[in-house]
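Enquirer: Dropping in input_33.pdb, which is PDB, C-alpha atoms, pLDDT in the B column:
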```pdb
ATOM      1  CA  MET A   1       3.801  77.809  -3.034  1.00 94.00           C
ATOM      2  CA  ILE A   2       0.836  79.523  -1.363  1.00 96.00           C
ATOM      3  CA  LEU A   3      -1.194  82.181  -3.154  1.00 97.00           C
ATOM      4  CA  PHE A   4      -2.595  84.687  -0.664  1.00 98.00           C
ATOM      5  CA  PRO A   5      -5.521  86.811  -1.891  1.00 97.00           C
ATOM      6  CA  ALA A   6      -5.339  90.221  -0.235  1.00 96.00           C
ATOM      7  CA  ILE A   7      -8.007  92.278   1.465  1.00 96.00           C
ATOM      8  CA  ASP A   8      -6.897  95.798   2.347  1.00 94.00           C
ATOM      9  CA  LEU A   9      -9.214  97.571   4.783  1.00 97.00           C
ATOM     10  CA  LYS A  10      -9.750 101.330   4.723  1.00 95.00           C
ATOM     11  CA  ASP A  11     -12.606 102.898   6.674  1.00 95.00           C
ATOM     12  CA  GLY A  12     -14.258  99.482   6.966  1.00 96.00           C
ATOM     13  CA  LEU A  13     -14.244  98.867   3.210  1.00 95.00           C
ATOM     14  CA  CYS A  14     -12.301  96.467   0.989  1.00 93.00           C
ATOM     15  CA  VAL A  15     -10.045  98.660  -1.145  1.00 92.00           C
ATOM     16  CA  ARG A  16      -6.911  98.580  -3.273  1.00 80.00           C
ATOM     17  CA  LEU A  17      -4.357 101.349  -3.308  1.00 78.00           C
ATOM     18  CA  VAL A  18      -1.822 102.368  -5.943  1.00 67.00           C
ATOM     19  CA  ARG A  19       1.726 102.300  -4.523  1.00 61.00           C
ATOM     20  CA  GLY A  20       0.316 102.685  -1.024  1.00 59.00           C
ATOM     21  CA  ASP A  21      -1.281 106.065  -1.701  1.00 66.00           C
ATOM     22  CA  MET A  22      -4.315 106.375   0.592  1.00 74.00           C
ATOM     23  CA  GLU A  23      -5.702 109.073  -1.706  1.00 75.00           C
ATOM     24  CA  GLN A  24      -5.834 106.559  -4.565  1.00 74.00           C
ATOM     25  CA  ALA A  25      -8.137 104.040  -2.915  1.00 80.00           C
ATOM     26  CA  VAL A  26     -10.521 102.098  -5.149  1.00 84.00           C
ATOM     27  CA  VAL A  27     -13.365 100.381  -3.301  1.00 89.00           C
ATOM     28  CA  PHE A  28     -13.849  96.820  -4.562  1.00 90.00           C
ATOM     29  CA  ASN A  29     -16.300  95.599  -1.955  1.00 93.00           C
ATOM     30  CA  ALA A  30     -18.231  97.399   0.769  1.00 95.00           C
ATOM     31  CA  ASP A  31     -18.604  94.073   2.605  1.00 97.00           C
ATOM     32  CA  PRO A  32     -15.127  92.697   3.448  1.00 97.00           C
ATOM     33  CA  ALA A  33     -16.592  89.566   5.060  1.00 98.00           C
ATOM     34  CA  ALA A  34     -18.438  88.714   1.850  1.00 97.00           C
ATOM     35  CA  GLN A  35     -15.213  89.228  -0.088  1.00 97.00           C
ATOM     36  CA  ALA A  36     -13.390  86.895   2.276  1.00 98.00           C
ATOM     37  CA  ARG A  37     -16.081  84.246   1.819  1.00 98.00           C
ATOM     38  CA  SER A  38     -15.749  84.504  -1.962  1.00 97.00           C
ATOM     39  CA  PHE A  39     -12.001  83.915  -1.728  1.00 97.00           C
ATOM     40  CA  GLN A  40     -12.583  80.889   0.492  1.00 98.00           C
ATOM     41  CA  GLU A  41     -15.162  79.500  -1.928  1.00 97.00           C
ATOM     42  CA  ALA A  42     -12.688  79.975  -4.792  1.00 97.00           C
ATOM     43  CA  GLY A  43     -10.364  77.503  -3.088  1.00 97.00           C
ATOM     44  CA  PHE A  44      -7.683  79.706  -1.551  1.00 97.00           C
ATOM     45  CA  ALA A  45      -5.955  78.245   1.505  1.00 97.00           C
ATOM     46  CA  TRP A  46      -4.939  81.489   3.250  1.00 98.00           C
ATOM     47  CA  LEU A  47      -6.081  85.123   3.385  1.00 98.00           C
ATOM     48  CA  HIS A  48      -3.785  88.147   3.657  1.00 98.00           C
ATOM     49  CA  LEU A  49      -5.438  91.019   5.510  1.00 97.00           C
ATOM     50  CA  VAL A  50      -4.177  94.570   6.092  1.00 95.00           C
ATOM     51  CA  ASP A  51      -5.608  97.312   8.300  1.00 96.00           C
ATOM     52  CA  LEU A  52      -4.475 100.305   6.237  1.00 93.00           C
ATOM     53  CA  ASN A  53      -5.743 102.916   8.683  1.00 94.00           C
ATOM     54  CA  GLY A  54      -4.103 100.993  11.492  1.00 94.00           C
ATOM     55  CA  ALA A  55      -0.754 100.941   9.704  1.00 90.00           C
ATOM     56  CA  ILE A  56      -0.734 104.736   9.611  1.00 90.00           C
ATOM     57  CA  GLU A  57      -2.152 105.370  13.076  1.00 92.00           C
ATOM     58  CA  GLY A  58      -0.135 102.682  14.841  1.00 91.00           C
ATOM     59  CA  LYS A  59      -3.100 100.847  16.367  1.00 94.00           C
ATOM     60  CA  PRO A  60      -5.966  98.649  15.124  1.00 95.00           C
ATOM     61  CA  ILE A  61      -8.646 100.784  13.442  1.00 96.00           C
ATOM     62  CA  ASN A  62     -10.635  98.320  11.318  1.00 97.00           C
ATOM     63  CA  ALA A  63     -11.153  95.802  14.118  1.00 97.00           C
ATOM     64  CA  GLU A  64     -14.870  95.483  13.441  1.00 97.00           C
ATOM     65  CA  ALA A  65     -14.285  94.480   9.826  1.00 97.00           C
ATOM     66  CA  VAL A  66     -11.521  92.055  10.836  1.00 98.00           C
ATOM     67  CA  ASP A  67     -13.799  90.455  13.423  1.00 98.00           C
ATOM     68  CA  ALA A  68     -16.526  90.024  10.797  1.00 98.00           C
ATOM     69  CA  ILE A  69     -14.066  88.347   8.427  1.00 98.00           C
ATOM     70  CA  LEU A  70     -12.806  85.978  11.125  1.00 98.00           C
ATOM     71  CA  LYS A  71     -16.384  84.935  11.864  1.00 98.00           C
ATOM     72  CA  ALA A  72     -17.246  84.505   8.173  1.00 98.00           C
ATOM     73  CA  ILE A  73     -14.485  82.112   7.101  1.00 98.00           C
ATOM     74  CA  ALA A  74     -12.655  78.998   8.268  1.00 97.00           C
ATOM     75  CA  MET A  75      -9.389  79.475   6.347  1.00 97.00           C
ATOM     76  CA  PRO A  76      -6.401  80.924   8.237  1.00 98.00           C
ATOM     77  CA  VAL A  77      -5.795  84.674   8.139  1.00 98.00           C
ATOM     78  CA  GLN A  78      -2.552  86.617   8.383  1.00 98.00           C
ATOM     79  CA  LEU A  79      -3.089  90.206   9.507  1.00 98.00           C
ATOM     80  CA  GLY A  80      -0.898  93.289   9.421  1.00 96.00           C
ATOM     81  CA  GLY A  81      -1.386  96.977  10.105  1.00 94.00           C
ATOM     82  CA  GLY A  82      -1.002  98.811  13.408  1.00 93.00           C
ATOM     83  CA  ILE A  83       0.347  95.837  15.357  1.00 96.00           C
ATOM     84  CA  ARG A  84       3.055  97.300  17.579  1.00 94.00           C
ATOM     85  CA  SER A  85       2.724  95.734  21.029  1.00 96.00           C
ATOM     86  CA  MET A  86       2.558  92.305  22.642  1.00 97.00           C
ATOM     87  CA  GLN A  87      -0.911  93.184  23.892  1.00 97.00           C
ATOM     88  CA  THR A  88      -2.151  93.767  20.349  1.00 97.00           C
ATOM     89  CA  ILE A  89      -0.435  90.607  19.089  1.00 98.00           C
ATOM     90  CA  GLU A  90      -1.969  88.499  21.846  1.00 98.00           C
ATOM     91  CA  GLY A  91      -5.372  90.078  21.297  1.00 97.00           C
ATOM     92  CA  TRP A  92      -5.485  89.247  17.595  1.00 98.00           C
ATOM     93  CA  LEU A  93      -4.216  85.706  18.090  1.00 98.00           C
ATOM     94  CA  GLU A  94      -6.840  85.119  20.769  1.00 98.00           C
ATOM     95  CA  LYS A  95      -9.513  86.317  18.350  1.00 97.00           C
ATOM     96  CA  GLY A  96      -8.464  83.711  15.807  1.00 98.00           C
ATOM     97  CA  VAL A  97      -5.877  85.389  13.575  1.00 98.00           C
ATOM     98  CA  ALA A  98      -3.474  82.626  12.524  1.00 98.00           C
ATOM     99  CA  ARG A  99      -0.465  84.883  11.941  1.00 98.00           C
ATOM    100  CA  VAL A 100       0.279  88.515  12.729  1.00 98.00           C
ATOM    101  CA  VAL A 101       2.479  90.615  10.462  1.00 97.00           C
ATOM    102  CA  LEU A 102       4.804  93.205  11.998  1.00 95.00           C
ATOM    103  CA  GLY A 103       5.945  95.978   9.669  1.00 88.00           C
ATOM    104  CA  THR A 104       6.913  99.259  11.326  1.00 86.00           C
ATOM    105  CA  ALA A 105       7.656  97.337  14.517  1.00 87.00           C
ATOM    106  CA  ALA A 106      10.130  95.151  12.624  1.00 87.00           C
ATOM    107  CA  LEU A 107      12.320  98.213  12.073  1.00 87.00           C
ATOM    108  CA  ARG A 108      11.723 100.176  15.249  1.00 88.00           C
ATOM    109  CA  GLN A 109      11.092  97.417  17.791  1.00 91.00           C
ATOM    110  CA  PRO A 110      13.299  94.440  16.854  1.00 90.00           C
ATOM    111  CA  ASN A 111      13.084  93.170  20.436  1.00 93.00           C
ATOM    112  CA  LEU A 112       9.305  92.941  20.076  1.00 95.00           C
ATOM    113  CA  VAL A 113       9.725  90.799  16.976  1.00 95.00           C
ATOM    114  CA  GLN A 114      12.040  88.410  18.775  1.00 94.00           C
ATOM    115  CA  GLU A 115       9.863  88.270  21.895  1.00 96.00           C
ATOM    116  CA  ALA A 116       6.704  87.620  19.878  1.00 97.00           C
ATOM    117  CA  ALA A 117       8.349  84.986  17.689  1.00 96.00           C
ATOM    118  CA  ARG A 118       9.539  83.129  20.788  1.00 96.00           C
ATOM    119  CA  ALA A 119       6.159  83.390  22.514  1.00 97.00           C
ATOM    120  CA  PHE A 120       4.117  82.416  19.461  1.00 97.00           C
ATOM    121  CA  PRO A 121       6.152  80.087  17.205  1.00 96.00           C
ATOM    122  CA  GLY A 122       4.920  80.045  13.626  1.00 96.00           C
ATOM    123  CA  LYS A 123       2.440  82.856  14.259  1.00 98.00           C
ATOM    124  CA  VAL A 124       4.576  85.927  13.599  1.00 98.00           C
ATOM    125  CA  ALA A 125       5.736  87.251  10.222  1.00 97.00           C
ATOM    126  CA  VAL A 126       7.471  90.506   9.348  1.00 96.00           C
ATOM    127  CA  ALA A 127       6.925  92.820   6.424  1.00 92.00           C
ATOM    128  CA  VAL A 128       9.873  94.388   4.643  1.00 92.00           C
ATOM    129  CA  ASP A 129       8.388  97.080   2.429  1.00 86.00           C
ATOM    130  CA  ALA A 130      10.832  98.695   0.034  1.00 85.00           C
ATOM    131  CA  ARG A 131      10.705 101.853  -2.052  1.00 85.00           C
ATOM    132  CA  ASP A 132      13.678 101.998  -4.450  1.00 80.00           C
ATOM    133  CA  GLY A 133      15.446  99.443  -2.263  1.00 78.00           C
ATOM    134  CA  TYR A 134      14.959 101.280   1.039  1.00 86.00           C
ATOM    135  CA  VAL A 135      12.487 100.464   3.812  1.00 86.00           C
ATOM    136  CA  ALA A 136       9.317 102.525   4.213  1.00 83.00           C
ATOM    137  CA  VAL A 137       7.227 102.394   7.394  1.00 76.00           C
ATOM    138  CA  SER A 138       4.036 103.789   8.969  1.00 66.00           C
ATOM    139  CA  GLY A 139       1.789 102.617   6.174  1.00 58.00           C
ATOM    140  CA  TRP A 140       4.551 103.462   3.663  1.00 61.00           C
ATOM    141  CA  ALA A 141       4.121 107.146   4.502  1.00 62.00           C
ATOM    142  CA  GLU A 142       7.630 107.468   5.940  1.00 72.00           C
ATOM    143  CA  ASP A 143      10.833 106.596   4.078  1.00 78.00           C
ATOM    144  CA  THR A 144      13.993 105.510   5.874  1.00 81.00           C
ATOM    145  CA  HIS A 145      17.677 105.171   5.030  1.00 83.00           C
ATOM    146  CA  VAL A 146      17.679 101.454   5.857  1.00 89.00           C
ATOM    147  CA  ARG A 147      18.235  99.089   2.962  1.00 89.00           C
ATOM    148  CA  ALA A 148      15.580  96.395   2.641  1.00 88.00           C
ATOM    149  CA  LEU A 149      18.204  93.646   2.413  1.00 90.00           C
ATOM    150  CA  ASP A 150      19.960  94.873   5.559  1.00 92.00           C
ATOM    151  CA  LEU A 151      16.722  94.820   7.558  1.00 91.00           C
ATOM    152  CA  ALA A 152      15.801  91.383   6.231  1.00 93.00           C
ATOM    153  CA  LEU A 153      19.216  90.004   7.190  1.00 93.00           C
ATOM    154  CA  LYS A 154      18.854  91.409  10.718  1.00 91.00           C
ATOM    155  CA  LEU A 155      15.480  89.692  11.025  1.00 91.00           C
ATOM    156  CA  ASP A 156      16.675  86.405   9.581  1.00 93.00           C
ATOM    157  CA  ASP A 157      17.561  84.917  12.965  1.00 91.00           C
ATOM    158  CA  ALA A 158      14.541  86.319  14.813  1.00 92.00           C
ATOM    159  CA  GLY A 159      12.610  83.086  14.424  1.00 93.00           C
ATOM    160  CA  VAL A 160       9.710  84.508  12.409  1.00 96.00           C
ATOM    161  CA  ALA A 161       7.568  82.297  10.182  1.00 97.00           C
ATOM    162  CA  ALA A 162       8.070  84.393   7.042  1.00 97.00           C
ATOM    163  CA  ILE A 163       9.348  87.665   5.647  1.00 96.00           C
ATOM    164  CA  ILE A 164       6.872  89.410   3.345  1.00 96.00           C
ATOM    165  CA  TYR A 165       8.764  91.472   0.781  1.00 93.00           C
ATOM    166  CA  THR A 166       6.858  94.211  -1.024  1.00 88.00           C
ATOM    167  CA  ASP A 167       8.143  96.397  -3.837  1.00 83.00           C
ATOM    168  CA  ILE A 168       6.062  99.509  -3.088  1.00 78.00           C
ATOM    169  CA  GLY A 169       6.655 101.022  -6.506  1.00 64.00           C
ATOM    170  CA  ARG A 170       4.779  98.129  -8.084  1.00 56.00           C
ATOM    171  CA  ASP A 171       2.067  97.544  -5.496  1.00 52.00           C
ATOM    172  CA  GLY A 172      -1.406  98.045  -6.915  1.00 48.00           C
ATOM    173  CA  ALA A 173       0.070  99.330 -10.168  1.00 48.00           C
ATOM    174  CA  LEU A 174      -0.205  96.043 -12.119  1.00 56.00           C
ATOM    175  CA  ALA A 175       3.360  96.607 -13.258  1.00 62.00           C
ATOM    176  CA  GLY A 176       4.482  93.035 -12.741  1.00 72.00           C
ATOM    177  CA  VAL A 177       6.113  91.547  -9.682  1.00 84.00           C
ATOM    178  CA  ASN A 178       9.808  92.230  -9.028  1.00 85.00           C
ATOM    179  CA  VAL A 179      10.870  88.608  -9.385  1.00 89.00           C
ATOM    180  CA  GLU A 180      14.617  89.269  -9.474  1.00 89.00           C
ATOM    181  CA  ALA A 181      14.733  91.361  -6.288  1.00 88.00           C
ATOM    182  CA  THR A 182      12.467  88.948  -4.455  1.00 92.00           C
ATOM    183  CA  ALA A 183      14.501  85.913  -5.492  1.00 94.00           C
ATOM    184  CA  ASP A 184      17.765  87.644  -4.544  1.00 92.00           C
ATOM    185  CA  LEU A 185      16.366  88.446  -1.100  1.00 92.00           C
ATOM    186  CA  ALA A 186      15.043  84.931  -0.594  1.00 95.00           C
ATOM    187  CA  PHE A 187      18.363  83.406  -1.656  1.00 95.00           C
ATOM    188  CA  ALA A 188      20.195  85.511   0.943  1.00 94.00           C
ATOM    189  CA  LEU A 189      17.934  84.407   3.803  1.00 96.00           C
ATOM    190  CA  THR A 190      17.078  81.211   5.629  1.00 96.00           C
ATOM    191  CA  THR A 191      13.599  82.535   6.531  1.00 97.00           C
ATOM    192  CA  PRO A 192      10.870  81.776   3.939  1.00 96.00           C
ATOM    193  CA  VAL A 193       9.928  84.765   1.783  1.00 97.00           C
ATOM    194  CA  ILE A 194       6.468  85.773   0.566  1.00 97.00           C
ATOM    195  CA  ALA A 195       6.434  87.976  -2.534  1.00 94.00           C
ATOM    196  CA  SER A 196       4.127  90.979  -2.729  1.00 90.00           C
ATOM    197  CA  GLY A 197       3.497  93.961  -4.967  1.00 84.00           C
ATOM    198  CA  GLY A 198       2.691  94.245  -8.647  1.00 83.00           C
ATOM    199  CA  VAL A 199       1.300  90.794  -9.474  1.00 90.00           C
ATOM    200  CA  ALA A 200      -0.549  91.495 -12.714  1.00 90.00           C
ATOM    201  CA  SER A 201      -0.901  88.239 -14.609  1.00 92.00           C
ATOM    202  CA  LEU A 202      -0.669  84.482 -14.502  1.00 94.00           C
ATOM    203  CA  GLN A 203       2.790  84.808 -16.035  1.00 93.00           C
ATOM    204  CA  ASP A 204       3.991  86.654 -12.938  1.00 93.00           C
ATOM    205  CA  LEU A 205       3.002  83.636 -10.879  1.00 95.00           C
ATOM    206  CA  VAL A 206       4.727  81.302 -13.323  1.00 94.00           C
ATOM    207  CA  GLU A 207       7.944  83.325 -13.085  1.00 93.00           C
ATOM    208  CA  LEU A 208       7.818  83.382  -9.285  1.00 93.00           C
ATOM    209  CA  LYS A 209       7.162  79.653  -9.230  1.00 94.00           C
ATOM    210  CA  LYS A 210      10.410  79.132 -11.144  1.00 93.00           C
ATOM    211  CA  GLU A 211      12.239  80.745  -8.206  1.00 93.00           C
ATOM    212  CA  GLU A 212      10.591  78.608  -5.550  1.00 93.00           C
ATOM    213  CA  LYS A 213      13.841  76.842  -4.734  1.00 93.00           C
ATOM    214  CA  SER A 214      15.425  80.169  -3.777  1.00 94.00           C
ATOM    215  CA  GLY A 215      13.131  80.249  -0.751  1.00 96.00           C
ATOM    216  CA  ILE A 216       9.977  81.962  -2.038  1.00 96.00           C
ATOM    217  CA  THR A 217       7.124  80.083  -0.394  1.00 96.00           C
ATOM    218  CA  GLY A 218       4.192  82.368  -1.168  1.00 96.00           C
ATOM    219  CA  VAL A 219       2.881  85.305  -3.148  1.00 96.00           C
ATOM    220  CA  ILE A 220       0.226  87.908  -2.360  1.00 95.00           C
ATOM    221  CA  ALA A 221      -2.137  89.064  -5.096  1.00 94.00           C
ATOM    222  CA  GLY A 222      -4.691  91.830  -4.923  1.00 90.00           C
ATOM    223  CA  ARG A 223      -5.933  94.027  -7.737  1.00 89.00           C
ATOM    224  CA  ALA A 224      -5.350  91.417 -10.467  1.00 92.00           C
ATOM    225  CA  LEU A 225      -7.724  89.047  -8.667  1.00 94.00           C
ATOM    226  CA  TYR A 226     -10.356  91.725  -8.199  1.00 93.00           C
ATOM    227  CA  ASP A 227     -10.439  92.925 -11.787  1.00 90.00           C
ATOM    228  CA  GLY A 228     -10.283  89.446 -13.329  1.00 93.00           C
ATOM    229  CA  ARG A 229      -6.780  89.612 -14.806  1.00 93.00           C
ATOM    230  CA  ILE A 230      -5.977  86.439 -12.892  1.00 95.00           C
ATOM    231  CA  ASP A 231      -8.396  83.523 -12.782  1.00 96.00           C
ATOM    232  CA  PRO A 232      -8.306  81.903  -9.322  1.00 96.00           C
ATOM    233  CA  LYS A 233      -8.540  78.340 -10.640  1.00 96.00           C
ATOM    234  CA  GLU A 234      -5.691  78.823 -13.088  1.00 96.00           C
ATOM    235  CA  ALA A 235      -3.602  80.618 -10.484  1.00 96.00           C
ATOM    236  CA  LEU A 236      -4.054  77.876  -7.923  1.00 96.00           C
ATOM    237  CA  ARG A 237      -3.185  75.286 -10.574  1.00 95.00           C
ATOM    238  CA  VAL A 238       0.130  77.070 -11.204  1.00 94.00           C
ATOM    239  CA  MET A 239       0.846  77.166  -7.477  1.00 94.00           C
ATOM    240  CA  ARG A 240       0.295  73.401  -7.177  1.00 90.00           C
ATOM    241  CA  GLU A 241       2.571  72.444 -10.037  1.00 81.00           C
ATOM    242  CA  GLU A 242       6.023  71.107  -9.392  1.00 63.00           C
ATOM    243  CA  ALA A 243       8.709  73.760  -9.608  1.00 51.00           C
ATOM    244  CA  VAL A 244      10.065  74.181 -13.134  1.00 46.00           C
TER     245      VAL A 244
END
```
For the structure just supplied, provide its representation as structure tokens.

Expert:
Amino acid sequence: MILFPAIDLKDGLCVRLVRGDMEQAVVFNADPAAQARSFQEAGFAWLHLVDLNGAIEGKPINAEAVDAILKAIAMPVQLGGGIRSMQTIEGWLEKGVARVVLGTAALRQPNLVQEAARAFPGKVAVAVDARDGYVAVSGWAEDTHVRALDLALKLDDAGVAAIIYTDIGRDGALAGVNVEATADLAFALTTPVIASGGVASLQDLVELKKEEKSGITGVIAGRALYDGRIDPKEALRVMREEAV
């Protein structure tokens, strides 16, 4: 199981939000590239990167910060936020992003997801972000009447590398990851699932690891890594252990 440290970019800074609220942004590092280097030095194998402004505005906004990160590290990066066209997908992949993450586009442009997955095998993931079980889009600012499970099932045969499932109500709140909902989703799909939202302790990682056989192949952690609640070495040790 892969542990993805997260860097969320807002106005060029490395921040963490609470439940996706842009008004509750806490700046953890004014130099995102330096933060990325520190994660690489800690031994992480992948980096999860989100352009928060881009997610809301529907186009890349923090491109300068992303470029600096790509130049600063050698580990692969998956990037989401404001990616809603083949041109944008191709542009990021050409710049060195290893995997793009489609969120709003996954709901509103399913044909784009399928086209991109065919054109770039293994380099396209989708984000299913749920508030109380229903999908939210546009940087989580807009709720829909689409059930998260229904969207995930529709995407299951699109050929994407992974489905990133986020429980918005827990994201950034250190409330603990929603292991049951994530495992249920993963069990229903053939596409690998990456868990996100609410990781608060090493125990959360242990509990997710127990569900690895259901199809959970990764987990994204943010605030708990920044504030020291999770020690990177211990976390990576848990990820390497055989499934319980």

Enquirer: Might you spell out which residues the PyMOL selection byres ((chain A and resi 110) around 12) would select in the displayed file, as number ranges by chain?

Expert: A: 84-85, 102-109, 111-117, 126, 151-152, 154-160

Enquirer: So how far away is atom CA of Val97 of chain A from atom CA of Leu202 of chain A, in Å?

Expert: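 Value for the atom CA of Leu202 of chain A-atom CA of Val97 of chain A distance: 28.6 Å.
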
Enquirer: Nearest residue to Ala42 of chain A out of A:Ser214, A:Ala195, A:Gly96, A:Phe4, using only C-alpha atoms?

Expert: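 The shortest atom-to-atom distance to Ala42 of chain A comes from A:Phe4.
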
Enquirer: Compute the distance from (-4.6, 100.5, 12.4) to each atom, counting all atoms listed in the file, keep the residues with any atom at most 12 Å away, and return them as a VMD selection string; use the coordinates of the file.

Expert: chain A and resid 8 to 12 49 to 66 79 to 84 88 102 to 104 138 to 139

Enquirer: Take the residues from that selection and write them out as a PDB file, in the coordinates of the input, keeping C-alpha atoms.

Expert:
```
ATOM      1  CA  ASP A   8      -6.897  95.798   2.347  1.00 94.00           C
ATOM      2  CA  LEU A   9      -9.214  97.571   4.783  1.00 97.00           C
ATOM      3  CA  LYS A  10      -9.750 101.330   4.723  1.00 95.00           C
ATOM      4  CA  ASP A  11     -12.606 102.898   6.674  1.00 95.00           C
ATOM      5  CA  GLY A  12     -14.258  99.482   6.966  1.00 96.00           C
ATOM      6  CA  LEU A  49      -5.438  91.019   5.510  1.00 97.00           C
ATOM      7  CA  VAL A  50      -4.177  94.570   6.092  1.00 95.00           C
ATOM      8  CA  ASP A  51      -5.608  97.312   8.300  1.00 96.00           C
ATOM      9  CA  LEU A  52      -4.475 100.305   6.237  1.00 93.00           C
ATOM     10  CA  ASN A  53      -5.743 102.916   8.683  1.00 94.00           C
ATOM     11  CA  GLY A  54      -4.103 100.993  11.492  1.00 94.00           C
ATOM     12  CA  ALA A  55      -0.754 100.941   9.704  1.00 90.00           C
ATOM     13  CA  ILE A  56      -0.734 104.736   9.611  1.00 90.00           C
ATOM     14  CA  GLU A  57      -2.152 105.370  13.076  1.00 92.00           C
ATOM     15  CA  GLY A  58      -0.135 102.682  14.841  1.00 91.00           C
ATOM     16  CA  LYS A  59      -3.100 100.847  16.367  1.00 94.00           C
ATOM     17  CA  PRO A  60      -5.966  98.649  15.124  1.00 95.00           C
ATOM     18  CA  ILE A  61      -8.646 100.784  13.442  1.00 96.00           C
ATOM     19  CA  ASN A  62     -10.635  98.320  11.318  1.00 97.00           C
ATOM     20  CA  ALA A  63     -11.153  95.802  14.118  1.00 97.00           C
ATOM     21  CA  GLU A  64     -14.870  95.483  13.441  1.00 97.00           C
ATOM     22  CA  ALA A  65     -14.285  94.480   9.826  1.00 97.00           C
ATOM     23  CA  VAL A  66     -11.521  92.055  10.836  1.00 98.00           C
ATOM     24  CA  LEU A  79      -3.089  90.206   9.507  1.00 98.00           C
ATOM     25  CA  GLY A  80      -0.898  93.289   9.421  1.00 96.00           C
ATOM     26  CA  GLY A  81      -1.386  96.977  10.105  1.00 94.00           C
ATOM     27  CA  GLY A  82      -1.002  98.811  13.408  1.00 93.00           C
ATOM     28  CA  ILE A  83       0.347  95.837  15.357  1.00 96.00           C
ATOM     29  CA  ARG A  84       3.055  97.300  17.579  1.00 94.00           C
ATOM     30  CA  THR A  88      -2.151  93.767  20.349  1.00 97.00           C
ATOM     31  CA  LEU A 102       4.804  93.205  11.998  1.00 95.00           C
ATOM     32  CA  GLY A 103       5.945  95.978   9.669  1.00 88.00           C
ATOM     33  CA  THR A 104       6.913  99.259  11.326  1.00 86.00           C
ATOM     34  CA  SER A 138       4.036 103.789   8.969  1.00 66.00           C
ATOM     35  CA  GLY A 139       1.789 102.617   6.174  1.00 58.00           C
TER      36      GLY A 139
END
```

Enquirer: Which is closest to Ala72 of chain A among A:Ile216, A:Ile89, A:Ile194, A:Ala36, if we use all atoms listed in the file?

Expert: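 Among the listed residues, the smallest separation from Ala72 of chain A belongs to A:Ala36.
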
Enquirer: Taking the file as I've supplied it (selection: the PyMOL selection byres ((chain A and resi 220-232) around 7)), which residues are included? Please answer as a PyMOL selection string.

Expert: chain A and resi 3-6+16+42+172+195-196+199-202+218-219+233-236

Enquirer: To one decimal place, how far is atom CA of Cys14 of chain A from atom CA of Ala34 of chain A in Å?

Expert: 9.9 Å

Enquirer: Write out as a list in words each polymer residue whose atoms come within 7 Å of Thr217 of chain A, counting only C-alpha atoms; drop sequence neighbours fewer than 3 positions from it.

Expert: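 Counting only C-alpha atoms, the residues come to Met1, Ile2, Pro192, Val193, Ile194 and Glu212 of chain A.
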
Enquirer: So how far away is atom CA of Glu207 of chain A from atom CA of Ala188 of chain A, in Å?

Expert: 18.8 Å

Enquirer: With distances taken over only C-alpha atoms, which of A:Phe44, A:Leu205, A:Glu90, A:Ile164 is nearest to Gly176 of chain A?

Expert: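 Among the listed residues, the smallest separation from Gly176 of chain A belongs to A:Leu205.
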
Enquirer: Rank nothing, just name the residue among A:Thr190, A:Gln24, A:Gln78, A:Asn29 nearest to Trp46 of chain A, using only C-alpha atoms.

Expert: A:Gln78

Enquirer: Nearest residue to Leu93 of chain A out of A:Ala119, A:Met239, A:Ala136, A:Leu208, using all atoms listed in the file?

Expert: A:Ala119
